[in-house]
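entry_18.cif follows (mmCIF, C-alpha atoms):
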```cif
data_structure
loop_
_atom_site.label_atom_id
_atom_site.label_comp_id
_atom_site.auth_asym_id
_atom_site.auth_seq_id
_atom_site.Cartn_x
_atom_site.Cartn_y
_atom_site.Cartn_z
CA MET T 1 5.51 175.74 156.95
CA THR T 2 5.51 174.05 160.30
CA SER T 3 2.79 172.91 162.63
CA THR T 4 2.87 176.28 164.37
CA LYS T 5 -0.47 177.00 162.76
CA ASP T 6 -2.11 175.14 165.60
CA THR T 7 -0.61 177.31 168.29
CA HIS T 8 -2.77 180.42 167.80
CA GLN T 9 -4.82 179.36 170.75
CA HIS T 10 -6.02 181.38 173.71
CA ASP T 11 -6.93 179.74 176.99
CA ASP T 12 -10.66 179.81 176.25
CA ASP T 13 -10.23 179.01 172.57
CA ILE T 14 -10.40 176.09 170.20
CA GLY T 15 -7.31 175.44 168.05
CA CYS T 16 -6.77 176.21 164.38
CA LEU T 17 -7.50 172.69 163.19
CA GLU T 18 -10.78 172.52 165.07
CA ALA T 19 -11.73 176.03 163.94
CA ILE T 20 -11.09 175.25 160.26
CA GLU T 21 -12.86 171.93 160.53
CA ALA T 22 -15.90 173.69 162.03
CA PHE T 23 -15.76 176.43 159.43
CA TYR T 24 -15.73 173.92 156.57
CA ALA T 25 -18.71 172.14 158.09
CA TYR T 26 -20.50 175.47 158.46
CA LEU T 27 -19.75 176.47 154.88
CA ASP T 28 -21.08 173.13 153.65
CA GLY T 29 -24.33 173.53 155.61
CA GLU T 30 -23.40 170.74 158.00
CA LEU T 31 -22.99 172.78 161.19
CA ASP T 32 -25.95 174.38 162.93
CA ASP T 33 -24.93 174.20 166.58
CA PRO T 34 -24.78 177.84 167.78
CA GLN T 35 -22.01 177.14 170.30
CA SER T 36 -19.80 175.50 167.68
CA ILE T 37 -20.37 178.42 165.34
CA ALA T 38 -19.58 180.91 168.11
CA ASP T 39 -16.41 178.97 168.96
CA PHE T 40 -14.92 179.11 165.47
CA GLU T 41 -16.00 182.71 164.98
CA HIS T 42 -14.28 183.62 168.23
CA HIS T 43 -11.12 181.86 167.13
CA MET T 44 -11.11 183.62 163.79
CA SER T 45 -11.59 186.98 165.47
CA HIS T 46 -7.99 186.83 166.64
CA CYS T 47 -6.31 184.30 164.31
CA ARG T 48 -5.38 186.03 161.06
CA SER T 49 -4.28 182.82 159.37
CA CYS T 50 -7.61 181.07 159.92
CA PHE T 51 -9.53 184.22 159.10
CA SER T 52 -7.69 184.47 155.77
CA ARG T 53 -8.41 180.83 154.96
CA ALA T 54 -12.06 181.36 155.73
CA GLU T 55 -12.11 184.44 153.50
CA VAL T 56 -10.55 182.49 150.66
CA GLU T 57 -13.09 179.71 150.99
CA ASN T 58 -16.02 182.11 151.20
CA MET T 59 -14.85 183.92 148.08
CA LEU T 60 -14.15 180.73 146.17
CA THR T 61 -17.52 179.25 147.00
CA ARG T 62 -19.36 182.41 146.02
CA ARG T 63 -17.46 182.74 142.74
CA MET T 64 -17.97 179.07 142.00
CA ARG T 65 -21.73 179.32 142.41
CA GLU T 66 -21.91 182.50 140.36
CA SER T 67 -19.82 180.99 137.58
CA ALA T 68 -21.76 177.75 137.46
CA ALA T 69 -25.18 179.36 137.49
CA ASN T 70 -26.02 178.29 133.94
CA GLY T 71 -29.17 176.25 133.57
CA ALA T 72 -30.08 173.50 131.15
CA PRO T 73 -30.19 174.82 127.56
CA LYS T 74 -33.55 174.96 125.82
CA SER T 75 -32.55 172.09 123.54
CA LEU T 76 -32.12 169.82 126.55
CA GLN T 77 -35.31 171.04 128.22
CA ASP T 78 -37.28 170.24 125.06
CA ARG T 79 -35.56 166.88 124.69
CA LEU T 80 -36.32 165.83 128.26
CA ARG T 81 -39.95 166.93 128.10
CA LYS T 82 -40.43 165.07 124.85
CA LEU T 83 -38.79 162.05 126.41
CA MET T 84 -41.07 162.16 129.43
CA ASP T 85 -44.13 162.54 127.22
CA GLU T 86 -43.17 159.24 125.62
CA PHE T 87 -42.77 157.37 128.91
CA MET Y 1 -46.06 147.82 131.80
CA ALA Y 2 -47.43 151.33 132.13
CA LYS Y 3 -46.63 153.07 135.37
CA PRO Y 4 -49.30 154.78 137.51
CA ASP Y 5 -50.10 158.41 136.76
CA ASP Y 6 -48.93 159.56 140.19
CA THR Y 7 -45.54 157.96 139.55
CA ARG Y 8 -45.33 159.68 136.18
CA ALA Y 9 -46.25 163.04 137.74
CA PHE Y 10 -43.77 162.57 140.59
CA PHE Y 11 -40.98 161.68 138.18
CA SER Y 12 -41.69 164.59 135.83
CA GLN Y 13 -41.69 167.03 138.72
CA GLY Y 14 -38.43 165.60 140.05
CA VAL Y 15 -36.75 165.92 136.66
CA GLU Y 16 -38.02 169.47 136.18
CA GLU Y 17 -36.73 170.51 139.60
CA ASN Y 18 -33.30 168.97 139.05
CA MET Y 19 -32.85 169.61 135.33
CA ASP Y 20 -30.50 172.57 135.70
CA ALA Y 21 -28.42 170.94 138.41
CA LEU Y 22 -28.13 167.71 136.45
CA TYR Y 23 -26.96 169.60 133.39
CA ARG Y 24 -24.43 171.67 135.35
CA THR Y 25 -23.04 168.55 136.97
CA ALA Y 26 -22.90 166.69 133.65
CA LEU Y 27 -21.10 169.66 132.12
CA ARG Y 28 -18.48 169.62 134.85
CA LEU Y 29 -18.04 165.89 134.33
CA THR Y 30 -17.85 165.74 130.55
CA GLY Y 31 -16.49 169.19 129.75
CA SER Y 32 -18.74 169.30 126.68
CA GLY Y 33 -22.22 170.78 126.33
CA ALA Y 34 -23.29 168.17 123.76
CA ASP Y 35 -21.99 165.27 125.84
CA ALA Y 36 -23.62 166.77 128.94
CA GLU Y 37 -27.00 166.88 127.20
CA ASP Y 38 -26.65 163.27 126.08
CA LEU Y 39 -25.56 162.18 129.55
CA VAL Y 40 -28.55 163.86 131.21
CA ALA Y 41 -31.04 162.49 128.68
CA GLU Y 42 -29.69 158.94 128.99
CA SER Y 43 -29.67 159.22 132.78
CA VAL Y 44 -33.29 160.38 132.84
CA SER Y 45 -34.30 157.46 130.63
CA LYS Y 46 -32.48 155.04 132.89
CA ALA Y 47 -34.00 156.64 135.98
CA TRP Y 48 -37.50 156.24 134.58
CA ALA Y 49 -36.85 152.58 133.84
CA ALA Y 50 -35.64 152.12 137.43
CA ILE Y 51 -38.18 154.33 139.20
CA ASP Y 52 -39.73 151.38 141.01
CA SER Y 53 -36.42 150.84 142.82
CA LEU Y 54 -36.69 154.25 144.50
CA ASP Y 55 -38.14 153.28 147.89
CA ASP Y 56 -37.98 156.71 149.53
CA ARG Y 57 -39.26 159.42 147.21
CA SER Y 58 -37.73 162.13 149.40
CA ARG Y 59 -34.34 160.82 148.17
CA PHE Y 60 -35.08 161.48 144.51
CA ARG Y 61 -32.30 164.04 144.16
CA PRO Y 62 -29.36 161.88 145.37
CA TRP Y 63 -30.89 158.88 143.59
CA VAL Y 64 -31.01 160.58 140.17
CA PHE Y 65 -27.58 162.14 140.65
CA ARG Y 66 -26.22 158.69 141.46
CA ILE Y 67 -27.62 157.37 138.20
CA LEU Y 68 -26.00 160.25 136.33
CA HIS Y 69 -22.68 159.66 138.08
CA ASN Y 70 -22.72 155.93 137.38
CA MET Y 71 -23.77 156.52 133.78
CA PHE Y 72 -20.78 158.82 133.34
CA ILE Y 73 -18.43 156.28 134.89
CA SER Y 74 -19.79 153.51 132.66
CA ASN Y 75 -20.23 155.24 129.34
CA TYR Y 76 -18.54 158.60 129.19
CA ARG Y 77 -15.32 158.75 131.13
CA LYS Y 78 -13.36 157.19 128.29
CA LEU Y 79 -14.38 160.21 126.22
CA ALA Y 80 -13.49 162.79 128.82
CA ALA Y 81 -9.90 163.91 128.53
CA ARG Y 82 -9.80 164.80 132.18
CA PRO Y 83 -8.24 163.37 135.32
CA LEU Y 84 -10.33 160.54 136.72
CA ALA Y 85 -8.72 159.41 139.92
CA SER Y 86 -5.82 160.22 142.13
CA ALA Y 87 -3.56 158.08 144.26
CA TYR Y 88 -4.52 160.08 147.33
CA HIS Y 89 -5.28 158.04 150.44
CA GLU Y 90 -8.34 159.88 151.63
CA ASP Y 91 -8.96 158.28 154.99
CA SER Y 92 -5.83 159.43 156.76
CA ASP Y 93 -6.49 160.57 160.33
CA GLU Y 94 -4.08 163.45 159.91
CA VAL Y 95 -5.55 164.64 156.65
CA LEU Y 96 -6.63 168.11 157.78
CA ALA Y 97 -3.36 168.95 159.50
CA THR Y 98 -1.51 167.84 156.39
CA LEU Y 99 -3.72 169.88 154.12
CA LEU Y 100 -3.39 173.05 156.17
CA ASN Y 101 0.36 172.74 156.00
CA GLU Y 102 0.19 172.21 152.24
CA GLN Y 103 -1.62 175.47 151.60
CA PRO Y 104 0.88 178.12 150.64
CA ASP Y 105 0.91 181.12 152.92
CA GLU Y 106 1.87 183.16 149.88
CA PHE Y 107 -1.54 182.35 148.43
CA LEU Y 108 -3.29 183.79 151.47
CA VAL Y 109 -1.12 186.87 151.42
CA TRP Y 110 -1.74 187.33 147.70
CA TRP Y 111 -5.47 186.85 148.16
CA ALA Y 112 -5.57 189.68 150.68
CA ASN Y 113 -3.67 191.95 148.30
CA PRO Y 114 -5.54 194.63 146.32
CA GLU Y 115 -4.46 193.05 143.02
CA ARG Y 116 -6.84 190.21 143.70
CA GLN Y 117 -9.61 192.57 142.62
CA PHE Y 118 -8.27 192.47 139.09
CA PHE Y 119 -7.97 188.71 139.14
CA ASN Y 120 -11.51 188.38 140.47
CA GLU Y 121 -12.78 189.77 137.18
CA VAL Y 122 -11.55 186.72 135.33
CA LEU Y 123 -11.69 184.33 138.21
CA GLY Y 124 -15.02 182.71 137.35
CA GLU Y 125 -13.76 180.95 134.24
CA THR Y 126 -10.47 180.28 135.92
CA ILE Y 127 -12.17 178.54 138.82
CA MET Y 128 -14.30 176.43 136.51
CA ALA Y 129 -11.22 175.44 134.51
CA ALA Y 130 -9.39 174.52 137.69
CA ILE Y 131 -12.34 172.41 138.88
CA GLY Y 132 -12.35 170.67 135.53
CA GLU Y 133 -8.75 169.63 136.04
CA LEU Y 134 -9.36 168.03 139.42
CA PRO Y 135 -9.37 164.23 139.63
CA LEU Y 136 -12.90 162.93 139.28
CA GLU Y 137 -13.58 162.07 142.92
CA PHE Y 138 -12.70 165.58 144.10
CA ARG Y 139 -14.34 167.33 141.15
CA MET Y 140 -17.60 165.50 141.65
CA THR Y 141 -17.62 166.07 145.41
CA ILE Y 142 -16.97 169.80 145.06
CA VAL Y 143 -19.62 170.17 142.36
CA LEU Y 144 -22.25 168.32 144.39
CA ILE Y 145 -21.63 170.14 147.67
CA ASN Y 146 -20.16 173.53 146.83
CA ILE Y 147 -22.14 174.25 143.68
CA GLU Y 148 -25.32 172.17 143.94
CA GLY Y 149 -25.65 172.36 147.71
CA LEU Y 150 -26.13 168.67 148.46
CA LYS Y 151 -25.64 167.58 152.05
CA TYR Y 152 -22.79 165.22 152.89
CA ASP Y 153 -25.16 162.27 153.29
CA GLU Y 154 -26.72 162.99 149.89
CA ALA Y 155 -23.32 163.26 148.21
CA ALA Y 156 -22.29 160.03 149.93
CA GLU Y 157 -25.33 158.35 148.44
CA VAL Y 158 -24.52 159.69 144.99
CA LEU Y 159 -20.90 158.59 145.13
CA GLY Y 160 -21.45 155.32 146.97
CA VAL Y 161 -18.99 156.17 149.76
CA PRO Y 162 -19.32 156.91 153.51
CA ALA Y 163 -20.09 160.49 154.58
CA GLY Y 164 -16.66 160.67 156.23
CA THR Y 165 -15.06 160.08 152.86
CA VAL Y 166 -17.09 162.92 151.39
CA ARG Y 167 -15.82 165.20 154.14
CA SER Y 168 -12.26 164.10 153.49
CA ARG Y 169 -12.61 164.60 149.74
CA MET Y 170 -13.94 168.11 150.27
CA LYS Y 171 -10.87 169.03 152.30
CA ARG Y 172 -8.51 167.59 149.75
CA GLY Y 173 -10.43 169.03 146.83
CA ARG Y 174 -10.38 172.50 148.36
CA THR Y 175 -6.65 172.36 148.87
CA LEU Y 176 -6.01 171.13 145.34
CA LEU Y 177 -8.24 173.87 143.96
CA GLN Y 178 -6.48 176.61 145.91
CA LYS Y 179 -3.09 175.34 144.86
CA ALA Y 180 -4.19 175.24 141.22
CA LEU Y 181 -5.48 178.80 141.38
CA TRP Y 182 -2.34 179.98 143.09
CA GLN Y 183 -0.26 178.36 140.35
CA GLN Y 184 -2.41 179.91 137.63
CA ALA Y 185 -2.05 183.31 139.26
CA ARG Y 186 1.70 182.90 139.30
CA ASP Y 187 1.80 181.70 135.70
CA ALA Y 188 -0.26 184.73 134.67
CA GLY Y 189 2.14 187.02 136.50
CA LEU Y 190 -0.58 188.07 138.92
CA ALA Y 191 1.28 186.76 141.94
CA GLY Y 192 4.88 186.87 142.97
CA ASN Y 193 6.90 184.50 140.81
CA ASP Y 194 9.93 184.93 143.01
CA SER Y 195 8.23 183.49 146.07
CA ARG Y 196 8.74 179.87 146.87
CA ASP Y 197 5.94 177.42 147.44
CA GLY Y 198 8.06 175.34 149.67
CA LYS Y 199 5.22 172.85 150.04
CA GLU Y 200 5.58 170.86 146.87
#
```

If you convert what's in this file into structure tokens, what do you get?
Amino acid sequence: MTSTKDTHQHDDDIGCLEAIEAFYAYLDGELDDPQSIADFEHHMSHCRSCFSRAEVENMLTRRMRESAANGAPKSLQDRLRKLMDEF
Amino acid sequence: MAKPDDTRAFFSQGVEENMDALYRTALRLTGSGADAEDLVAESVSKAWAAIDSLDDRSRFRPWVFRILHNMFISNYRKLAARPLASAYHEDSDEVLATLLNEQPDEFLVWWANPERQFFNEVLGETIMAAIGELPLEFRMTIVLINIEGLKYDEAAEVLGVPAGTVRSRMKRGRTLLQKALWQQARDAGLAGNDSRDGKE
């Protein structure tokens, strides 16, 4: 693969690298500037490669959270509460 | 010396609120439920002993996660048969461009294919296994941010690194994870074995 991934850019558009960087920040809860969000969404509306990457990341994150949704087992809850009672 | 009641109440509430997240994180670190329980219990004991060092109570979460992380590094990593560190130079200016070029296009094409629906049914365990195989710095960063929802500055506090390093580790960790899943899909015959990665 070459660096052509950064050429899917319209005149009024940010590039792929900037769009992905902004998307990652958005996904991680680190981006709340409406203009920055609009900019990467606009880019992804016409860049299939970036759109696909964003889809992959969205899916992975969702599946990760679903799969890791287990809480502390009762044995640990009891152990910690007993521990804290002794503090 | 006995600690004030308000300190005891604050600490208990903080532990209760973070108990599940601490266990999940410990589980991803140790790979063993029993070891994870021990790690959390020992971390909570250590946290209580050090509670007077917590100057800003609003930072309880990163503070207690940092204790857990350091406890794992000190006492448990020798027991964990998992990758601990990589030789990756994480502060490269061109890191994102490099990572984008590393991601196989075939993975994206495969992901958009209808057969992904089948793979999604078993993907949860597969993802967790792939996370477990990541080197420690990427595994921990992904768990803290992607799963537990910590902010970059909180994760930086936990890991004792600058926020920029957290950002860099997230990018690298994501790429490694996608590549691992892509490889697993190919090994399981769920993706085209005749396609070339070309990025290795």

Stretch 32-80 of chain T near stretch 14-28 of chain T within 7 Å: what's each residue's closest atom pair and its distance in Å to one decimal, counting all atoms listed in the file, ordered by chain then ascending residue number, as JSON lines?
```
{"residue": "T:Asp39", "atom": "CA", "partner": "T:Ile14", "partner_atom": "CA", "distance": 6.8}
{"residue": "T:Phe40", "atom": "CA", "partner": "T:Ala19", "partner_atom": "CA", "distance": 4.7}
{"residue": "T:His43", "atom": "CA", "partner": "T:Ile14", "partner_atom": "CA", "distance": 6.6}
{"residue": "T:Cys50", "atom": "CA", "partner": "T:Cys16", "partner_atom": "CA", "distance": 6.6}
```

As number ranges by chain, could you give me every residue of chain Y near chain T (at most 6 Å apart, counting only C-alpha atoms)?
Y: 20, 23, 37, 124, 147

Work out how far apart atom CA of Y:Met170 and atom CA of Y:Thr141 are and give it in Å to one decimal.
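Going from atom CA of Y:Met170 over to atom CA of Y:Thr141 covers 6.4 Å.
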
Please indicate the distance in Å from atom CA of Y:Phe65 to atom CA of Y:Lys46, rounded to one decimal place.
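That distance, rounded to one decimal, is 11.6 Å.
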
With the PyMOL selection byres ((chain Y and resi 28) around 9) as the selection, what would be picked from this file? Answer as an MDAnalysis selection string, please.
chainID Y and resid 23:27 29:32 36 128 131:132 139:140 143

Restricting to all atoms listed in the file, whichever of Y:Thr7, Y:Val64, Y:Ala41, Y:Leu22 is closest to T:Lys82 is Y:Ala41
